[in-house]
Structure formats: C-alpha cells, structure tokens
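Shown next: start15.pdb, given as PDB, C-alpha atoms.
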ATOM      1  CA  MET A   1      57.588  39.337-110.496
ATOM      2  CA  ASN A   2      60.940  39.481-108.653
ATOM      3  CA  LEU A   3      60.494  43.209-108.124
ATOM      4  CA  ASN A   4      57.073  42.731-106.572
ATOM      5  CA  ARG A   5      58.408  39.951-104.353
ATOM      6  CA  GLU A   6      61.290  42.153-103.171
ATOM      7  CA  LEU A   7      58.863  45.016-102.464
ATOM      8  CA  LEU A   8      56.611  42.665-100.508
ATOM      9  CA  VAL A   9      59.557  41.354 -98.453
ATOM     10  CA  ASN A  10      60.651  44.906 -97.600
ATOM     11  CA  ARG A  11      57.164  45.845 -96.516
ATOM     12  CA  ILE A  12      56.933  42.752 -94.309
ATOM     13  CA  LYS A  13      60.301  43.619 -92.764
ATOM     14  CA  LYS A  14      59.161  47.170 -92.081
ATOM     15  CA  ALA A  15      55.886  45.906 -90.597
ATOM     16  CA  GLY A  16      57.804  43.442 -88.450
ATOM     17  CA  GLY A  17      60.104  46.211 -87.282
ATOM     18  CA  GLY A  18      57.125  48.371 -86.409
ATOM     19  CA  ILE A  19      55.515  45.555 -84.456
ATOM     20  CA  ARG A  20      58.771  44.890 -82.576
ATOM     21  CA  THR A  21      59.048  48.600 -81.768
ATOM     22  CA  ALA A  22      55.437  48.754 -80.567
ATOM     23  CA  TRP A  23      55.926  45.688 -78.366
ATOM     24  CA  SER A  24      59.129  47.159 -76.989
ATOM     25  CA  ILE A  25      57.401  50.435 -76.126
ATOM     26  CA  LEU A  26      54.492  48.536 -74.585
ATOM     27  CA  GLY A  27      56.882  46.339 -72.586
ATOM     28  CA  ILE A  28      58.825  49.354 -71.304
ATOM     29  CA  ALA A  29      55.562  51.105 -70.376
ATOM     30  CA  VAL A  30      54.326  48.043 -68.478
ATOM     31  CA  VAL A  31      57.626  47.705 -66.650
ATOM     32  CA  MET A  32      57.562  51.410 -65.722
ATOM     33  CA  ILE A  33      53.960  51.168 -64.468
ATOM     34  CA  LEU A  34      54.795  48.086 -62.407
ATOM     35  CA  ALA A  35      57.903  49.791 -61.055
ATOM     36  CA  VAL A  36      55.920  52.891 -60.016
ATOM     37  CA  GLU A  37      53.240  50.706 -58.427
ATOM     38  CA  ALA A  38      55.836  48.601 -56.589
ATOM     39  CA  GLY A  39      57.710  51.703 -55.446
ATOM     40  CA  SER A  40      54.492  53.348 -54.242
ATOM     41  CA  SER A  41      53.470  50.187 -52.398
ATOM     42  CA  LEU A  42      56.871  50.045 -50.710
ATOM     43  CA  PHE A  43      56.590  53.723 -49.737
ATOM     44  CA  PHE A  44      53.212  53.235 -48.029
ATOM     45  CA  PHE A  45      54.323  49.961 -46.452
ATOM     46  CA  VAL A  46      57.255  51.690 -44.776
ATOM     47  CA  LYS A  47      55.173  54.779 -43.920
ATOM     48  CA  ASP A  48      52.298  52.756 -42.454
ATOM     49  CA  THR A  49      54.610  50.386 -40.620
ATOM     50  CA  ILE A  50      56.156  53.333 -38.800
ATOM     51  CA  LYS A  51      52.961  55.323 -38.243
ATOM     52  CA  PHE A  52      50.669  52.391 -37.455
ATOM     53  CA  SER A  53      53.097  50.224 -35.517
ATOM     54  CA  ILE A  54      50.590  50.208 -32.659
ATOM     55  CA  LEU A  55      48.440  47.807 -34.687
ATOM     56  CA  GLY A  56      51.153  45.274 -35.420
ATOM     57  CA  LYS A  57      50.931  43.382 -38.715
ATOM     58  CA  SER A  58      47.166  43.441 -39.128
ATOM     59  CA  PRO A  59      46.090  43.948 -42.774
ATOM     60  CA  LEU A  60      43.259  46.132 -41.457
ATOM     61  CA  ALA A  61      45.673  48.608 -39.912
ATOM     62  CA  PRO A  62      45.592  51.485 -42.448
ATOM     63  CA  LYS A  63      41.772  51.460 -42.494
ATOM     64  CA  VAL A  64      41.365  52.142 -38.800
ATOM     65  CA  ALA A  65      44.654  53.402 -37.370
ATOM     66  CA  TYR A  66      44.167  57.137 -37.852
ATOM     67  CA  ARG A  67      41.026  57.061 -35.691
ATOM     68  CA  ILE A  68      42.951  55.475 -32.832
ATOM     69  CA  TYR A  69      44.798  58.761 -32.339
ATOM     70  CA  ALA A  70      41.593  60.778 -31.778
ATOM     71  CA  ASP A  71      41.876  63.236 -28.884
ATOM     72  CA  ALA A  72      39.033  61.681 -26.903
ATOM     73  CA  TYR A  73      40.693  58.285 -26.476
ATOM     74  CA  LYS A  74      43.913  59.497 -24.844
ATOM     75  CA  GLY A  75      45.608  56.173 -25.538
ATOM     76  CA  ALA A  76      42.805  53.967 -24.116
ATOM     77  CA  TYR A  77      43.736  50.271 -24.092
ATOM     78  CA  TRP A  78      40.645  49.030 -25.969
ATOM     79  CA  VAL A  79      40.642  51.343 -29.003
ATOM     80  CA  LYS A  80      42.808  49.215 -31.293
ATOM     81  CA  ASP A  81      40.733  46.060 -30.821
ATOM     82  CA  TYR A  82      37.502  48.019 -31.098
ATOM     83  CA  TYR A  83      38.266  49.407 -34.559
ATOM     84  CA  LEU A  84      39.593  46.117 -35.859
ATOM     85  CA  GLU A  85      36.307  44.587 -34.681
ATOM     86  CA  TYR A  86      34.306  47.379 -36.319
ATOM     87  CA  VAL A  87      35.920  46.810 -39.716
ATOM     88  CA  ILE A  88      34.792  43.182 -39.601
ATOM     89  CA  TYR A  89      31.281  44.168 -38.503
ATOM     90  CA  SER A  90      30.932  46.878 -41.162
ATOM     91  CA  LYS A  91      31.250  44.258 -43.914
ATOM     92  CA  LYS A  92      28.127  42.514 -42.658
ATOM     93  CA  MET A  93      25.562  45.152 -43.611
ATOM     94  CA  ARG A  94      22.418  43.664 -45.154
ATOM     95  CA  TRP A  95      19.530  44.886 -47.287
ATOM     96  CA  HIS A  96      16.416  45.867 -45.344
ATOM     97  CA  SER A  97      12.944  46.575 -46.684
ATOM     98  CA  TYR A  98      12.018  50.281 -47.005
ATOM     99  CA  VAL A  99      15.146  51.651 -45.286
ATOM    100  CA  THR A 100      17.681  49.995 -47.649
ATOM    101  CA  TRP A 101      20.230  48.717 -45.105
ATOM    102  CA  ARG A 102      20.620  47.523 -41.525
ATOM    103  CA  GLY A 103      23.410  45.894 -39.552
ATOM    104  CA  SER A 104      23.555  42.100 -39.312
ATOM    105  CA  ASN A 105      23.749  39.900 -36.253
ATOM    106  CA  PHE A 106      27.207  40.287 -34.715
ATOM    107  CA  GLU A 107      28.830  39.151 -31.478
ATOM    108  CA  GLY A 108      32.080  40.750 -30.391
ATOM    109  CA  LYS A 109      33.858  41.996 -27.327
ATOM    110  CA  TYR A 110      32.840  45.631 -27.832
ATOM    111  CA  ILE A 111      30.164  45.478 -30.546
ATOM    112  CA  ASN A 112      27.051  43.327 -30.285
ATOM    113  CA  VAL A 113      24.103  43.608 -32.675
ATOM    114  CA  ASP A 114      21.037  41.357 -32.673
ATOM    115  CA  GLU A 115      19.242  39.771 -35.628
ATOM    116  CA  ASN A 116      17.070  42.888 -36.041
ATOM    117  CA  GLY A 117      20.067  45.202 -36.396
ATOM    118  CA  ILE A 118      19.644  46.613 -32.872
ATOM    119  CA  ARG A 119      22.882  47.304 -31.011
ATOM    120  CA  ARG A 120      23.123  46.191 -27.393
ATOM    121  CA  THR A 121      22.420  48.935 -24.850
ATOM    122  CA  TRP A 122      23.269  49.000 -21.153
ATOM    123  CA  ASN A 123      20.077  48.672 -19.138
ATOM    124  CA  LYS A 124      19.935  48.082 -15.379
ATOM    125  CA  ASN A 125      17.216  45.477 -15.662
ATOM    126  CA  SER A 126      14.499  44.227 -17.960
ATOM    127  CA  SER A 127      10.955  44.475 -16.673
ATOM    128  CA  PRO A 128       7.508  44.969 -18.240
ATOM    129  CA  GLU A 129       7.060  47.831 -15.760
ATOM    130  CA  ASN A 130       9.970  49.837 -17.196
ATOM    131  CA  SER A 131       9.345  52.904 -19.319
ATOM    132  CA  ARG A 132      10.624  52.171 -22.823
ATOM    133  CA  ILE A 133      12.658  54.755 -24.708
ATOM    134  CA  PHE A 134      13.475  54.337 -28.396
ATOM    135  CA  ILE A 135      16.396  56.409 -29.722
ATOM    136  CA  PHE A 136      16.903  57.019 -33.448
ATOM    137  CA  GLY A 137      19.856  58.590 -35.230
ATOM    138  CA  GLY A 138      22.877  57.938 -37.419
ATOM    139  CA  SER A 139      26.330  56.679 -36.501
ATOM    140  CA  THR A 140      26.544  59.022 -33.491
ATOM    141  CA  ILE A 141      23.585  57.284 -31.852
ATOM    142  CA  TRP A 142      24.582  53.822 -33.101
ATOM    143  CA  GLY A 143      27.846  54.488 -31.298
ATOM    144  CA  TYR A 144      30.576  54.597 -33.915
ATOM    145  CA  GLY A 145      33.830  54.756 -31.984
ATOM    146  CA  ALA A 146      32.242  53.678 -28.671
ATOM    147  CA  ARG A 147      31.807  50.363 -26.882
ATOM    148  CA  ASP A 148      28.309  48.952 -26.342
ATOM    149  CA  ASP A 149      28.055  50.163 -22.753
ATOM    150  CA  PHE A 150      29.215  53.674 -23.614
ATOM    151  CA  THR A 151      27.044  54.675 -26.566
ATOM    152  CA  ILE A 152      24.745  57.682 -26.069
ATOM    153  CA  PRO A 153      21.713  55.392 -25.485
ATOM    154  CA  SER A 154      23.686  53.378 -22.908
ATOM    155  CA  CYS A 155      24.852  56.548 -21.141
ATOM    156  CA  LEU A 156      21.288  57.902 -21.081
ATOM    157  CA  SER A 157      20.006  54.638 -19.622
ATOM    158  CA  ARG A 158      22.677  54.690 -16.903
ATOM    159  CA  ILE A 159      22.023  58.348 -16.006
ATOM    160  CA  LEU A 160      18.253  57.823 -15.731
ATOM    161  CA  SER A 161      18.728  54.651 -13.696
ATOM    162  CA  ASP A 162      21.073  56.459 -11.300
ATOM    163  CA  GLN A 163      18.341  59.072 -10.846
ATOM    164  CA  GLY A 164      15.840  56.395  -9.851
ATOM    165  CA  PHE A 165      13.943  55.953 -13.127
ATOM    166  CA  ASN A 166      13.048  52.436 -14.246
ATOM    167  CA  VAL A 167      13.761  52.552 -17.970
ATOM    168  CA  GLU A 168      14.705  50.362 -20.890
ATOM    169  CA  VAL A 169      16.491  52.221 -23.690
ATOM    170  CA  VAL A 170      16.579  50.697 -27.194
ATOM    171  CA  ASN A 171      19.181  51.864 -29.714
ATOM    172  CA  PHE A 172      17.658  52.081 -33.203
ATOM    173  CA  GLY A 173      20.575  54.151 -34.533
ATOM    174  CA  GLU A 174      22.235  53.072 -37.762
ATOM    175  CA  ASN A 175      25.361  54.219 -39.569
ATOM    176  CA  GLY A 176      24.574  56.653 -42.378
ATOM    177  CA  TYR A 177      20.859  57.001 -41.632
ATOM    178  CA  VAL A 178      19.032  60.221 -42.406
ATOM    179  CA  SER A 179      15.907  61.307 -40.536
ATOM    180  CA  THR A 180      13.519  59.901 -43.172
ATOM    181  CA  GLN A 181      14.951  56.398 -42.752
ATOM    182  CA  GLU A 182      14.573  56.743 -38.992
ATOM    183  CA  THR A 183      10.970  57.903 -39.428
ATOM    184  CA  ILE A 184      10.204  54.826 -41.508
ATOM    185  CA  MET A 185      11.901  52.561 -38.949
ATOM    186  CA  LEU A 186       9.705  53.994 -36.197
ATOM    187  CA  PHE A 187       6.604  53.527 -38.351
ATOM    188  CA  LEU A 188       7.533  49.887 -39.042
ATOM    189  CA  GLU A 189       7.990  49.224 -35.317
ATOM    190  CA  THR A 190       4.670  50.823 -34.297
ATOM    191  CA  ARG A 191       2.895  49.048 -37.149
ATOM    192  CA  LYS A 192       3.793  45.688 -35.637
ATOM    193  CA  GLY A 193       2.779  46.823 -32.152
ATOM    194  CA  ASN A 194       6.211  47.632 -30.745
ATOM    195  CA  VAL A 195       5.248  50.977 -29.191
ATOM    196  CA  PRO A 196       7.510  52.859 -26.720
ATOM    197  CA  ASP A 197       6.685  55.440 -24.074
ATOM    198  CA  VAL A 198       9.168  58.021 -25.361
ATOM    199  CA  VAL A 199      10.909  58.444 -28.731
ATOM    200  CA  VAL A 200      14.106  60.478 -29.117
ATOM    201  CA  PHE A 201      15.522  61.625 -32.463
ATOM    202  CA  TYR A 202      19.084  62.923 -32.699
ATOM    203  CA  ASP A 203      19.855  64.207 -36.215
ATOM    204  CA  GLY A 204      21.533  66.829 -38.331
ATOM    205  CA  SER A 205      24.876  65.819 -39.777
ATOM    206  CA  ASN A 206      23.637  63.068 -42.080
ATOM    207  CA  ASP A 207      20.678  65.082 -43.363
ATOM    208  CA  VAL A 208      22.991  67.967 -44.251
ATOM    209  CA  ALA A 209      25.817  65.828 -45.662
ATOM    210  CA  SER A 210      23.506  63.746 -47.861
ATOM    211  CA  ALA A 211      21.901  66.958 -49.163
ATOM    212  CA  TRP A 212      25.329  68.301 -50.128
ATOM    213  CA  GLN A 213      26.294  64.985 -51.718
ATOM    214  CA  ASN A 214      23.081  64.662 -53.763
ATOM    215  CA  ARG A 215      22.591  68.419 -54.350
ATOM    216  CA  LYS A 216      19.069  67.795 -53.094
ATOM    217  CA  GLY A 217      17.536  67.718 -49.623
ATOM    218  CA  GLY A 218      15.756  64.754 -48.075
ATOM    219  CA  GLU A 219      17.617  61.974 -49.909
ATOM    220  CA  LEU A 220      19.611  58.909 -48.865
ATOM    221  CA  TYR A 221      23.367  58.753 -48.617
ATOM    222  CA  ASN A 222      25.053  57.460 -51.804
ATOM    223  CA  LEU A 223      21.795  57.617 -53.741
ATOM    224  CA  LYS A 224      23.548  57.136 -57.094
ATOM    225  CA  ASN A 225      24.980  53.833 -55.873
ATOM    226  CA  ARG A 226      21.495  52.611 -55.001
ATOM    227  CA  GLU A 227      20.226  53.639 -58.441
ATOM    228  CA  ARG A 228      23.050  51.731 -60.142
ATOM    229  CA  GLU A 229      22.369  48.656 -58.023
ATOM    230  CA  PHE A 230      18.700  48.740 -59.019
ATOM    231  CA  ASN A 231      19.580  48.615 -62.739
ATOM    232  CA  ILE A 232      22.632  46.377 -62.433
ATOM    233  CA  SER A 233      21.058  43.579 -64.503
ATOM    234  CA  LYS A 234      20.101  45.865 -67.395
ATOM    235  CA  PRO A 235      22.230  45.465 -70.578
ATOM    236  CA  TRP A 236      22.639  49.234 -71.014
ATOM    237  CA  MET A 237      24.134  49.430 -67.535
ATOM    238  CA  LYS A 238      27.141  47.258 -68.429
ATOM    239  CA  LYS A 239      29.110  50.087 -70.073
ATOM    240  CA  LYS A 240      28.611  52.376 -67.070
ATOM    241  CA  LEU A 241      29.642  49.598 -64.692
ATOM    242  CA  ASP A 242      32.794  48.972 -66.724
ATOM    243  CA  GLU A 243      33.660  52.673 -66.474
ATOM    244  CA  ILE A 244      32.989  52.675 -62.730
ATOM    245  CA  PHE A 245      35.154  49.564 -62.287
ATOM    246  CA  LEU A 246      38.016  51.136 -64.258
ATOM    247  CA  VAL A 247      37.910  54.355 -62.223
ATOM    248  CA  SER A 248      37.663  52.387 -58.975
ATOM    249  CA  PHE A 249      40.582  50.161 -60.027
ATOM    250  CA  ILE A 250      42.802  53.167 -60.745
ATOM    251  CA  GLN A 251      41.849  54.926 -57.508
ATOM    252  CA  ASN A 252      42.739  51.817 -55.507
ATOM    253  CA  THR A 253      46.289  51.543 -56.867
ATOM    254  CA  ALA A 254      49.250  52.502 -54.718
ATOM    255  CA  ALA A 255      50.503  54.776 -57.515
ATOM    256  CA  TYR A 256      47.283  56.841 -57.452
ATOM    257  CA  SER A 257      47.516  57.136 -53.670
ATOM    258  CA  PHE A 258      51.161  58.165 -53.930
ATOM    259  CA  PHE A 259      50.546  60.946 -56.449
ATOM    260  CA  THR A 260      47.527  62.262 -54.499
ATOM    261  CA  TYR A 261      49.702  62.175 -51.371
ATOM    262  CA  LEU A 262      52.372  64.228 -53.172
ATOM    263  CA  TYR A 263      49.736  66.654 -54.441
ATOM    264  CA  THR A 264      48.466  67.251 -50.912
ATOM    265  CA  LYS A 265      51.963  67.700 -49.480
ATOM    266  CA  ILE A 266      53.063  70.116 -52.207
ATOM    267  CA  THR A 267      49.885  72.203 -52.534
ATOM    268  CA  GLY A 268      48.406  71.816 -49.059
ATOM    269  CA  ARG A 269      45.092  70.936 -50.677
ATOM    270  CA  ASN A 270      43.181  67.664 -50.726
ATOM    271  CA  VAL A 271      42.897  65.942 -54.107
ATOM    272  CA  TYR A 272      39.105  66.127 -53.773
ATOM    273  CA  ASP A 273      39.444  69.887 -54.075
ATOM    274  CA  LEU A 274      40.000  69.234 -57.781
ATOM    275  CA  GLN A 275      36.435  68.013 -58.045
ATOM    276  CA  GLU A 276      33.462  70.353 -58.258
ATOM    277  CA  THR A 277      32.573  70.818 -54.608
ATOM    278  CA  GLU A 278      31.455  74.433 -54.525
ATOM    279  CA  ILE A 279      27.723  75.063 -54.717
ATOM    280  CA  PRO A 280      26.410  78.416 -55.993
ATOM    281  CA  PRO A 281      24.770  80.532 -53.237
ATOM    282  CA  ASP A 282      21.289  80.286 -54.763
ATOM    283  CA  GLU A 283      21.657  76.499 -54.929
ATOM    284  CA  VAL A 284      22.760  76.421 -51.285
ATOM    285  CA  GLU A 285      19.562  78.239 -50.332
ATOM    286  CA  ARG A 286      17.436  75.799 -52.334
ATOM    287  CA  ILE A 287      19.159  72.712 -50.891
ATOM    288  CA  ALA A 288      18.962  74.095 -47.347
ATOM    289  CA  GLU A 289      15.252  74.815 -47.756
ATOM    290  CA  GLU A 290      14.611  71.296 -49.099
ATOM    291  CA  THR A 291      16.549  69.783 -46.194
ATOM    292  CA  PHE A 292      14.650  71.865 -43.636
ATOM    293  CA  THR A 293      11.297  71.019 -45.228
ATOM    294  CA  ALA A 294      12.037  67.280 -45.326
ATOM    295  CA  TYR A 295      13.143  67.235 -41.678
ATOM    296  CA  SER A 296      10.198  69.381 -40.554
ATOM    297  CA  MET A 297       7.705  67.084 -42.290
ATOM    298  CA  ASN A 298       9.295  64.074 -40.589
ATOM    299  CA  VAL A 299       8.931  65.790 -37.208
ATOM    300  CA  LYS A 300       5.252  66.586 -37.857
ATOM    301  CA  PHE A 301       4.550  63.044 -39.013
ATOM    302  CA  ILE A 302       6.258  61.499 -35.977
ATOM    303  CA  GLU A 303       4.394  63.812 -33.603
ATOM    304  CA  GLU A 304       1.068  62.811 -35.158
ATOM    305  CA  VAL A 305       1.940  59.105 -34.947
ATOM    306  CA  GLY A 306       2.918  59.683 -31.306
ATOM    307  CA  LYS A 307      -0.478  61.231 -30.522
ATOM    308  CA  HIS A 308      -2.317  58.228 -31.944
ATOM    309  CA  ALA A 309       0.072  55.540 -30.660
ATOM    310  CA  GLY A 310       0.509  57.109 -27.228
ATOM    311  CA  PHE A 311       4.193  58.034 -26.992
ATOM    312  CA  ASP A 312       5.983  61.324 -26.342
ATOM    313  CA  THR A 313       8.545  62.693 -28.810
ATOM    314  CA  LEU A 314      11.799  64.612 -28.376
ATOM    315  CA  PHE A 315      13.958  65.987 -31.201
ATOM    316  CA  TYR A 316      17.578  67.145 -31.022
ATOM    317  CA  TRP A 317      19.683  68.750 -33.753
ATOM    318  CA  GLN A 318      23.189  67.485 -33.075
ATOM    319  CA  PRO A 319      26.267  69.715 -32.738
ATOM    320  CA  SER A 320      29.011  69.534 -35.357
ATOM    321  CA  VAL A 321      32.775  69.820 -35.134
ATOM    322  CA  LEU A 322      32.559  72.149 -38.145
ATOM    323  CA  THR A 323      31.010  74.861 -35.970
ATOM    324  CA  LYS A 324      33.950  74.996 -33.558
ATOM    325  CA  THR A 325      36.039  78.157 -33.710
ATOM    326  CA  GLU A 326      39.241  76.274 -32.859
ATOM    327  CA  LEU A 327      40.004  72.720 -33.966
ATOM    328  CA  THR A 328      42.524  70.328 -32.486
ATOM    329  CA  ARG A 329      45.205  68.856 -34.719
ATOM    330  CA  TYR A 330      43.254  65.615 -35.067
ATOM    331  CA  GLU A 331      40.005  67.445 -35.859
ATOM    332  CA  LYS A 332      41.724  69.411 -38.607
TER     333      LYS A 332
END

Starting from the coordinates I provided, produce the structure as structure tokens.
Amino acid sequence: MNLNRELLVNRIKKAGGGIRTAWSILGIAVVMILAVEAGSSLFFFVKDTIKFSILGKSPLAPKVAYRIYADAYKGAYWVKDYYLEYVIYSKKMRWHSYVTWRGSNFEGKYINVDENGIRRTWNKNSSPENSRIFIFGGSTIWGYGARDDFTIPSCLSRILSDQGFNVEVVNFGENGYVSTQETIMLFLETRKGNVPDVVVFYDGSNDVASAWQNRKGGELYNLKNREREFNISKPWMKKKLDEIFLVSFIQNTAAYSFFTYLYTKITGRNVYDLQETEIPPDEVERIAEETFTAYSMNVKFIEEVGKHAGFDTLFYWQPSVLTKTELTRYEK
C-alpha cells in the first residue's frame, strides 16, 4: 500500500513538473511573439512617421500616403485631403441589385456621390435641351485619384462645352466594375426610361485583371468573396470562415508585415511571388479568348439596345501603364 502511494506521489510530481515546463515554454513563446509584434509595430511606426510625415498623425496615413507621391500630382496642395476623404468614402459601399455594389451617398470637399451612386460631374448648365452623355467604366472613369471637377467625364463635359456643344455628362463609373456590370447598369437605366443620346464605355483593365484573378474571363472582381458571402449562414461554411479569419488575422499583424518587408528587401521579390501566379500558355489563350468573347458580346448587346432605344454608342479600350517601355520610379 505504501509502495503504491509513493509511486503515485512520484507520478504526480513528474506530471506537475511536466505541466510547469509546458506552461513555462508556452509563456516564453507568448512573450517572444508579443515582443516580435511590439518590435515590428515600433519599426513601422518609426518608418511611417518619417516617410508619411506629410500626413501628420492621421491613423489613415499608411493606407493612402504612397499614392500622394504619384508623379502626376507634383506636390499638389489638395492630394492629402483628397485621399483621406476617399478612405472614408470607400467604407460606405452598399449592395446593389444585379451589379452587386454601388457607392453610397457622400458629401465631401472633393468627392460627392448622390443617393444613386452617381458621382458629381462638372456640367456648364442643366437644360432639357442638352444632349445627354452617359459614361461607363471602372475606377478610371469614376475618377479614383481625381477631384469631382477633374474626372474624365468632367473634363469631357468641359471640352465639349468650350467647343459650343450643349451637353450634360453623367458619370456611371464605379470602382472595380467590369464591362458586364456596366452593361447591366445601362440596361437598368433604359428600362426605367432614363435614355441618353450617347453612351460611352471605357474598359479594359478590370476585365483583364478579373480574368487573371478568377482564371476565367467575364467574371466579377473577388468572385470567391461573393460566393462566401452568399453561403455565410450555412453551417458547413463556419469552418472555412474560421480558416479565412485566422489567415487574415496573421496577415494583418505587424510581425507578418515585417518579415514580408525583409523578404522583399533581401530577395528583391514581392512576397506574392511565392503564390502561384504564373498561368500556363494554353490557359492564357483560353482566358484571353473568354475575356474577348464576354466583352464582344457586351458590345453587341449594347449596340442592339442603342438601336431600339435611340442612342449612339462609343467603345474605348483603355491604355495601361503595363504597356509602357519605360516606367517612372513611382510606376515601378
């Protein structure tokens, strides 16, 4: 009996020692993780404070500051306030039937969007006699990086007015839109009797980028996100959401940013290069053909709608910085 009791006591002591050791290791690991995270946060705080001093102490600074140094601005006085305003606006996107998202009503100094998601455009005057021009496109037409009065639609309106044309230009551009979303937007407008005299489409980058992202032409941006959102209430989706949250949590830590920063500095490569980004040549051909077919069908559909509704159509495939032979430092 005494022997068994002594054996039991020894085993309890050993178990207790093992537990103490495990807790010690866990405690040291937690302290090390917190120390790395704190050190990484301090590194970026100092780095961003120096690099983004132009923005003062705004918590939005790192999200917008690098765009402020774009070549085109040349130190313009309004750029800082514009991007800080844009960050606030960009959080107000709302769900919209058929096209998935549209901007919400917003009133700012440089960005103004009405309740229908239409950004304000410079027009000389408003008159029922004016020719109405609808312009569709992605962020380039919406005017990302530009003030209301200097978006492409506003510049077009000003040029035509200076040449003696009485026009009213309406900016239907939206950030991230592909040509199919724009086609649907036009259809929805004509269906309710809002018919223009001329329709202009300015596309290319988003159709190509979404095709690369989805490995399939003619799809929305971030299609997988939309699919997850559709099934978010399903029980079987919980495990996937937990995994997504964990990955997102890790990628948003200062430590992750610090190690990816080191990787880039040491290797000269972006951390995303570690992911599978190359597409086999035969797949490129397939995706390109799908993209071309989807865009071509949209053009044909819009032209037919124009014939029946009574408006003229113009289509432009936008230029891309990726086709330049020489890039500036900022563009690189």

When the PyMOL selection byres ((chain A and resi 112) around 12) is applied to the structure above, which residues does it catch, written out as a VMD selection string? chain A and resid 82 85 to 86 89 103 to 111 113 to 122 142 to 143 146 to 149 151 171

Glu219 in chain A environment, 8 Å, only C-alpha atoms, sequence neighbours closer than 2 positions dropped, as a compact mmCIF listing (two decimals) with C-alpha atoms, in the coordinates of the input:
# COMPACT_ATOMS: atom_id res chain seq x y z
CA VAL A 178 19.03 60.22 -42.41
CA ASP A 207 20.68 65.08 -43.36
CA SER A 210 23.51 63.75 -47.86
CA ALA A 211 21.90 66.96 -49.16
CA ASN A 214 23.08 64.66 -53.76
CA LYS A 216 19.07 67.80 -53.09
CA GLY A 217 17.54 67.72 -49.62
CA TYR A 221 23.37 58.75 -48.62
CA LEU A 223 21.80 57.62 -53.74

Can you list, as a ChimeraX atom specification, the residues that the PyMOL selection byres ((chain A and resi 309) around 12) selects here? /A:186-187,189-199,302-308,310-313

Hits from the PyMOL selection byres ((chain A and resi 131) around 8), listed as a list in words: Glu129, Asn130, Arg132, Ile133, Asn166, Val167, Glu168, Pro196, Asp197 and Val198 of chain A

Kindly indicate which residue among A:Tyr202, A:Tyr330, A:Tyr83, A:Tyr295 lies nearest to Tyr69 in chain A, using all atoms listed in the file for the distances.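 Selected residue with least distance to Tyr69 in chain A: A:Tyr330.
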
Just checking: using only C-alpha atoms, which residue out of A:Phe172, A:Pro153, A:Tyr77, A:Ala70 ends up closest to Leu188 in chain A?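 Looking at the shortest contact to Leu188 in chain A, the residue is A:Phe172.
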